[in-house]
file coords27.cif (mmCIF, C-alpha atoms)
data_final
#
loop_
_atom_site.label_atom_id
_atom_site.label_comp_id
_atom_site.auth_asym_id
_atom_site.auth_seq_id
_atom_site.Cartn_x
_atom_site.Cartn_y
_atom_site.Cartn_z
CA MET A 1 111.00 114.86 121.40
CA ALA A 2 108.07 112.73 122.54
CA ILE A 3 106.96 112.68 126.16
CA ASP A 4 107.41 109.30 127.86
CA HIS A 5 104.07 108.34 129.38
CA GLU A 6 102.69 105.16 130.81
CA GLU A 7 100.31 103.24 128.54
CA SER A 8 96.87 104.77 128.14
CA THR A 9 94.00 105.07 125.72
CA GLY A 10 94.76 108.80 125.54
CA SER A 11 97.48 108.62 122.90
CA GLN A 12 97.32 112.12 121.43
CA GLN A 13 100.59 114.04 121.57
CA CYS A 14 100.84 116.54 124.40
CA PRO A 15 100.32 120.14 123.09
CA ILE A 16 103.77 121.23 124.28
CA GLU A 17 107.11 120.38 122.72
CA ILE A 18 109.92 119.02 124.86
CA LEU A 19 113.32 120.34 123.87
CA GLN A 20 116.04 117.79 123.30
CA ASP A 21 118.78 120.07 124.66
CA SER A 22 117.28 120.19 128.17
CA SER A 23 118.59 116.85 129.36
CA ASN A 24 120.41 118.39 132.35
CA SER A 25 117.12 119.43 133.98
CA LEU A 26 114.95 117.16 136.10
CA ILE A 27 111.85 118.46 134.28
CA PRO A 28 112.71 119.21 130.65
CA HIS A 29 112.45 122.62 129.02
CA VAL A 30 109.42 123.00 126.77
CA LEU A 31 107.74 125.18 124.17
CA VAL A 32 104.23 126.14 125.26
CA SER A 33 101.26 127.39 123.23
CA HIS A 34 97.58 127.98 123.90
CA PRO A 35 94.38 128.32 121.82
CA LYS A 36 93.64 131.75 120.43
CA SER A 37 89.96 131.14 121.20
CA ASP A 38 88.11 129.49 124.07
CA GLU A 39 85.96 127.45 121.70
CA PRO A 40 86.40 123.65 122.01
CA ASP A 41 87.19 123.29 118.29
CA SER A 42 89.91 125.95 118.32
CA THR A 43 92.83 123.79 119.48
CA ALA A 44 94.46 123.79 116.04
CA ASN A 45 94.63 127.61 116.04
CA ARG A 46 97.22 128.26 118.72
CA THR A 47 99.52 131.05 119.80
CA ASN A 48 103.15 131.06 118.74
CA PRO A 49 105.19 128.68 120.95
CA THR A 50 107.20 130.30 123.74
CA LEU A 51 110.09 128.83 125.68
CA TYR A 52 109.77 127.70 129.29
CA PRO A 53 111.75 128.45 131.35
CA PRO A 54 112.12 131.80 129.59
CA PRO A 55 115.73 132.69 128.73
CA ASN A 56 115.95 135.76 130.98
CA ASN A 57 113.61 134.64 133.77
CA ARG A 58 114.27 131.62 135.95
CA ASP A 59 110.75 131.81 137.42
CA ASP A 60 112.29 131.14 140.83
CA GLU A 61 108.96 130.80 142.66
CA GLY A 62 107.20 128.91 139.88
CA TYR A 63 104.30 131.28 139.37
CA LEU A 64 104.69 131.50 135.61
CA ALA A 65 104.74 127.71 135.30
CA LEU A 66 101.74 127.51 137.63
CA LYS A 67 99.83 129.95 135.42
CA GLU A 68 100.72 128.06 132.24
CA GLY A 69 99.64 124.78 133.86
CA ALA A 70 96.33 126.29 134.93
CA LEU A 71 95.65 127.45 131.37
CA TYR A 72 96.23 123.92 130.07
CA TYR A 73 94.03 122.49 132.82
CA VAL A 74 91.16 124.85 131.96
CA GLU A 75 91.59 123.95 128.29
CA GLY A 76 91.46 120.27 129.21
CA MET A 77 88.27 120.71 131.23
CA ARG A 78 86.64 122.57 128.35
CA LEU A 79 87.55 119.79 125.92
CA LEU A 80 86.40 117.15 128.38
CA ALA A 81 83.01 118.86 128.62
CA ALA A 82 82.88 118.81 124.81
CA LYS A 83 83.53 115.02 124.95
CA LYS A 84 86.89 115.41 123.21
CA THR A 85 88.57 112.87 125.45
CA SER A 86 91.94 112.37 123.75
CA GLU A 87 92.39 116.12 123.27
CA SER A 88 91.54 116.79 126.91
CA ILE A 89 94.03 114.16 128.10
CA ALA A 90 96.73 115.82 126.00
CA CYS A 91 96.03 119.15 127.69
CA PHE A 92 96.04 117.59 131.16
CA GLN A 93 99.42 116.02 130.31
CA ALA A 94 100.69 119.49 129.41
CA ALA A 95 99.27 120.84 132.68
CA GLU A 96 101.14 118.13 134.59
CA ILE A 97 104.46 119.10 132.98
CA MET A 98 103.99 122.76 133.87
CA TYR A 99 102.82 122.01 137.42
CA LEU A 100 105.90 119.82 137.85
CA HIS A 101 108.06 122.74 136.74
CA ALA A 102 106.37 124.93 139.36
CA ALA A 103 106.63 122.22 142.02
CA SER A 104 110.34 121.84 141.32
CA ARG A 105 110.59 125.51 142.33
CA SER A 106 108.84 124.73 145.66
CA ASN A 107 105.52 126.28 144.61
CA ILE A 108 103.04 124.86 147.12
CA GLN A 109 99.91 125.60 145.05
CA SER A 110 101.37 123.51 142.24
CA PHE A 111 101.62 120.49 144.55
CA ALA A 112 97.92 120.95 145.39
CA ASN A 113 97.05 121.25 141.69
CA LEU A 114 99.02 118.10 140.92
CA GLY A 115 97.12 116.38 143.72
CA TYR A 116 93.81 117.16 142.05
CA LEU A 117 95.09 116.13 138.62
CA TYR A 118 96.20 112.75 139.97
CA HIS A 119 93.23 112.29 142.30
CA TYR A 120 90.72 112.63 139.46
CA ASP A 121 93.01 110.73 137.06
CA ARG A 122 92.72 113.47 134.47
CA CYS A 123 95.35 111.86 132.24
CA ALA A 124 93.71 108.42 132.36
CA GLY A 125 96.91 106.82 133.61
CA ALA A 126 99.21 108.47 131.05
CA TYR A 127 101.47 110.44 133.39
CA PHE A 128 104.95 111.86 133.01
CA ASN A 129 107.64 109.53 134.36
CA SER A 130 110.83 110.40 132.47
CA VAL A 131 112.98 111.65 135.32
CA ASP A 132 116.49 110.84 136.45
CA PRO A 133 116.71 111.13 140.27
CA SER A 134 120.40 112.00 139.99
CA LYS A 135 119.40 115.34 138.46
CA ALA A 136 117.42 116.42 141.55
CA GLU A 137 119.15 119.49 143.01
CA SER A 138 116.73 120.49 145.79
CA PRO A 139 114.41 118.84 148.32
CA SER A 140 111.42 119.67 146.12
CA GLU A 141 113.03 118.02 143.10
CA ALA A 142 113.96 114.98 145.18
CA LEU A 143 110.34 114.66 146.30
CA ILE A 144 109.10 114.98 142.73
CA SER A 145 111.47 112.30 141.46
CA ALA A 146 110.22 109.95 144.20
CA VAL A 147 106.55 110.74 143.58
CA LEU A 148 106.85 110.07 139.86
CA GLU A 149 107.77 106.48 140.62
CA LEU A 150 104.25 105.92 142.02
CA GLY A 151 100.74 105.36 140.66
CA ALA A 152 98.17 108.15 140.39
CA ASP A 153 96.50 107.57 143.77
CA GLU A 154 99.81 107.54 145.64
CA ARG A 155 100.99 110.60 143.69
CA ALA A 156 97.85 112.45 144.80
CA TYR A 157 98.41 111.47 148.43
CA TYR A 158 102.02 112.66 148.59
CA CYS A 159 101.29 115.89 146.72
CA PHE A 160 98.43 116.76 149.07
CA LEU A 161 100.52 115.69 152.06
CA HIS A 162 103.40 117.95 151.05
CA ALA A 163 101.12 120.95 150.51
CA ALA A 164 99.13 120.28 153.70
CA ARG A 165 102.27 120.14 155.82
CA ARG A 166 103.08 123.62 154.53
CA GLY A 167 99.73 125.06 155.53
CA HIS A 168 97.71 124.71 152.33
CA ALA A 169 94.20 124.47 153.76
CA GLU A 170 92.42 122.91 150.78
CA SER A 171 95.06 120.20 150.57
CA CYS A 172 94.39 119.45 154.25
CA TYR A 173 90.77 118.43 153.67
CA MET A 174 91.66 116.58 150.47
CA LEU A 175 94.31 114.70 152.43
CA GLY A 176 91.61 113.94 154.99
CA ASP A 177 89.40 112.48 152.27
CA LEU A 178 92.20 110.17 151.16
CA ALA A 179 92.96 109.10 154.73
CA SER A 180 89.27 108.48 155.39
CA SER A 181 88.88 106.24 152.33
CA GLY A 182 92.34 104.69 152.30
CA LYS A 183 92.88 105.80 148.71
CA GLY A 184 96.58 106.02 147.94
CA CYS A 185 97.48 105.46 151.59
CA TRP A 186 96.61 103.48 154.71
CA LYS A 187 93.10 104.19 155.97
CA ASP A 188 93.31 106.40 159.06
CA GLU A 189 90.04 107.94 160.26
CA LYS A 190 91.66 109.79 163.17
CA MET A 191 94.09 111.43 160.76
CA ALA A 192 91.19 112.34 158.47
CA PHE A 193 89.33 114.09 161.30
CA GLU A 194 92.47 115.99 162.31
CA CYS A 195 93.05 117.06 158.68
CA TYR A 196 89.51 118.43 158.43
CA MET A 197 89.94 120.39 161.64
CA ARG A 198 93.24 121.82 160.44
CA ALA A 199 91.74 122.78 157.07
CA HIS A 200 88.95 124.62 158.88
CA ASP A 201 91.32 126.47 161.21
CA LEU A 202 93.83 127.41 158.50
CA SER A 203 91.17 128.91 156.21
CA LEU A 204 89.01 130.53 158.88
CA LYS A 205 90.14 134.10 158.23
CA TYR A 206 90.21 134.13 154.45
CA ASN A 207 88.11 131.56 152.56
CA SER A 208 84.63 130.51 153.62
CA VAL A 209 84.40 127.94 150.80
CA ILE A 210 87.34 126.03 152.23
CA TRP A 211 86.28 126.20 155.87
CA GLY A 212 82.71 125.46 154.78
CA ASN A 213 83.88 122.34 152.96
CA ALA A 214 85.92 121.32 155.98
CA ALA A 215 82.95 121.93 158.28
CA VAL A 216 80.73 119.58 156.23
CA ARG A 217 83.30 116.85 156.64
CA ILE A 218 83.72 117.51 160.36
CA ALA A 219 79.94 117.31 160.78
CA MET A 220 79.85 113.97 158.97
CA CYS A 221 82.60 112.69 161.27
CA TYR A 222 80.61 113.64 164.37
CA GLU A 223 77.42 112.22 162.88
CA ARG A 224 79.00 108.86 162.08
CA GLY A 225 81.78 108.63 164.64
CA ILE A 226 84.57 108.81 162.07
CA GLY A 227 87.86 109.52 163.83
CA CYS A 228 86.03 110.96 166.83
CA GLN A 229 83.29 110.18 169.32
CA LYS A 230 79.85 110.23 167.73
CA ASP A 231 78.02 113.38 168.85
CA LEU A 232 74.82 114.48 167.09
CA ASN A 233 74.78 117.87 168.80
CA GLU A 234 78.28 118.60 167.54
CA ALA A 235 77.28 117.32 164.11
CA HIS A 236 74.30 119.69 164.07
CA ALA A 237 76.49 122.65 165.02
CA TRP A 238 79.06 121.86 162.35
CA TYR A 239 76.42 121.36 159.65
CA ALA A 240 75.01 124.77 160.58
CA ARG A 241 78.49 126.25 160.33
CA ALA A 242 79.06 124.61 156.94
CA ILE A 243 75.81 126.05 155.60
CA LYS A 244 76.77 129.50 156.84
CA GLY A 245 80.16 129.35 155.17
CA LEU A 246 79.06 127.88 151.85
CA ASP A 247 75.83 129.84 151.53
CA SER A 248 77.41 133.23 152.26
CA SER A 249 80.55 132.79 150.23
CA THR A 250 81.32 135.18 147.40
CA HIS A 251 83.27 132.35 145.73
CA THR A 252 80.98 130.37 143.44
CA ASN A 253 83.27 127.31 143.11
CA GLY A 254 80.79 125.89 140.60
CA ARG A 255 78.96 122.63 141.09
CA GLY A 256 81.30 121.52 143.86
CA LYS A 257 80.07 124.24 146.20
CA SER A 258 76.41 123.44 145.46
CA LYS A 259 77.00 119.74 146.05
CA MET A 260 78.59 120.33 149.44
CA LEU A 261 75.97 122.88 150.43
CA ASP A 262 73.25 120.35 149.64
CA ALA A 263 75.15 117.73 151.64
CA ALA A 264 75.28 120.08 154.62
CA LYS A 265 71.56 120.88 154.43
CA ASN A 266 70.61 117.21 154.07
CA GLY A 267 72.92 116.29 156.93
CA MET A 268 71.32 118.87 159.19
CA LYS A 269 67.87 117.46 158.40
CA ARG A 270 69.02 113.95 159.24
CA VAL A 271 70.52 115.00 162.53
CA GLU A 272 67.49 117.09 163.50
CA GLN A 273 65.23 114.10 162.89
CA ARG A 274 67.42 111.90 165.08
CA LEU A 275 67.59 114.50 167.84
CA SER A 276 63.86 115.13 167.91
#
call {"tool": "encode", "arguments": {"input": "coords27.cif", "output": "structure tokens"}}
result
Amino acid sequence: MAIDHEESTGSQQCPIEILQDSSNSLIPHVLVSHPKSDEPDSTANRTNPTLYPPPNNRDDEGYLALKEGALYYVEGMRLLAAKKTSESIACFQAAEIMYLHAASRSNIQSFANLGYLYHYDRCAGAYFNSVDPSKAESPSEALISAVLELGADERAYYCFLHAARRGHAESCYMLGDLASSGKGCWKDEKMAFECYMRAHDLSLKYNSVIWGNAAVRIAMCYERGIGCQKDLNEAHAWYARAIKGLDSSTHTNGRGKSKMLDAAKNGMKRVEQRLS
């Protein structure tokens, strides 16, 4: 059974099979498979398809679906780096289906992952939208059915909002970014500043990459007067804190960490010049 997507240039079939006998579920049952190799050209050589949800495991907390979605997302990023655009979109579509399965089981990380997928428009507009709201049996499923009526930017906003309200720190600063820019929502600089502060406080005891990222954003707010009173001394202190968190972190976080660390160092230089 084909997946019903909105129109897009990425027309390749999603690398999962939707089962026709799963019509009673909000998110249909699927057969999943993955490459046997991590080489970009290995997509044709895949593992034997397995059923999700598995017959004897309801995956009540959605962790299995979350893991399967993450594998598809990584595969999509690898193909994207290899400039295999249609193949990467197909994998991101598969990731969306699996994240939706996890989200329907109230898995908060899956809402955050969906937020990123929609925010960066990984599927180039070709998102899953074949849901019947009458099949929603829980608050999470009701939220999903409502979100899937929206465009990508609005989907990202509501996914990050849902995760942030439940204490997901990374979603808090991503929600702040959307509120600051007005992408997918009304522009609200005060809300953005509050989201950055909450992201910092929530992650303070366990993840220096997250509180470091939040600290960069807080510093920028103080430097520019975004959602708060402009204060160069506060900006300087928060840039210093961001550098400490990002520079000392054991989490590499790839190019994103380096980009934010550079932003913090450059911001500190700017503020020091203005204070001198």
call {"tool": "resolve_selection", "arguments": {"input": "coords27.cif", "expression": "the PyMOL selection byres ((chain A and resi 272) around 12)", "output": "compact mmCIF listing (two decimals) with C-alpha atoms, keeping the file's coordinate frame"}}
result
# COMPACT_ATOMS: atom_id res chain seq x y z
CA GLU A 223 77.42 112.22 162.88
CA LEU A 232 74.82 114.48 167.09
CA ASN A 233 74.78 117.87 168.80
CA GLU A 234 78.28 118.60 167.54
CA ALA A 235 77.28 117.32 164.11
CA HIS A 236 74.30 119.69 164.07
CA ALA A 237 76.49 122.65 165.02
CA TYR A 239 76.42 121.36 159.65
CA ALA A 240 75.01 124.77 160.58
CA LYS A 265 71.56 120.88 154.43
CA ASN A 266 70.61 117.21 154.07
CA GLY A 267 72.92 116.29 156.93
CA MET A 268 71.32 118.87 159.19
CA LYS A 269 67.87 117.46 158.40
CA ARG A 270 69.02 113.95 159.24
CA VAL A 271 70.52 115.00 162.53
CA GLN A 273 65.23 114.10 162.89
CA ARG A 274 67.42 111.90 165.08
CA LEU A 275 67.59 114.50 167.84
CA SER A 276 63.86 115.13 167.91
call {"tool": "closest_residue", "arguments": {"input": "coords27.cif", "among": "A:Leu19, A:Ala192, A:Leu71, A:Leu114", "to": "Glu154 of chain A", "atoms": "all atoms listed in the file"}}
result
A:Leu114
call {"tool": "residues_around", "arguments": {"input": "coords27.cif", "residues": "Tyr99 of chain A", "least_positions_apart": "2", "cutoff": "12 Å", "atoms": "all atoms listed in the file", "output": "number ranges by chain"}}
result
A: 27, 61-73, 92-97, 101-118, 128, 144, 159
call {"tool": "closest_residue", "arguments": {"input": "coords27.cif", "among": "A:Met174, A:Ala169, A:Cys221, A:Leu31", "to": "Lys205 of chain A", "atoms": "all atoms listed in the file"}}
result
A:Ala169
call {"tool": "resolve_selection", "arguments": {"input": "coords27.cif", "expression": "the PyMOL selection byres ((chain A and resi 147) around 12)", "output": "ChimeraX atom specification"}}
result
/A:100,103-104,111,114-115,118,127-131,133,140-146,148-162,184
call {"tool": "resolve_selection", "arguments": {"input": "coords27.cif", "expression": "the PyMOL selection byres ((chain A and resi 245) around 12)", "output": "PyMOL selection string"}}
result
chain A and resi 200+203-216+238-244+246-252+257-258+260-261+264
call {"tool": "residues_around", "arguments": {"input": "coords27.cif", "residues": "Lys190 of chain A", "least_positions_apart": "5", "cutoff": "10 Å", "atoms": "only C-alpha atoms", "output": "ChimeraX atom specification"}}
result
/A:176,179-180,195,221,226-228
call {"tool": "atom_distance", "arguments": {"input": "coords27.cif", "atom1": "atom CA of Lys183 of chain A", "atom2": "atom CA of Tyr120 of chain A"}}
result
11.7 Å
call {"tool": "atom_distance", "arguments": {"input": "coords27.cif", "atom1": "atom CA of Leu175 of chain A", "atom2": "atom CA of Asp132 of chain A"}}
result
27.6 Å
call {"tool": "atom_distance", "arguments": {"input": "coords27.cif", "atom1": "atom CA of Leu51 of chain A", "atom2": "atom CA of Gly125 of chain A"}}
result
26.9 Å
call {"tool": "closest_residue", "arguments": {"input": "coords27.cif", "among": "A:Arg198, A:Leu79, A:Arg122, A:Glu189", "to": "Arg224 of chain A", "atoms": "all atoms listed in the file"}}
result
A:Glu189
call {"tool": "axis_aligned_box", "arguments": {"input": "coords27.cif", "around": "segment 117-125 of chain A", "padding_each_side": "8 Å", "output": "JSON"}}
result
{"center_x": 93.8, "center_y": 111.5, "center_z": 137.3, "size_x": 22.2, "size_y": 25.3, "size_z": 26.1}
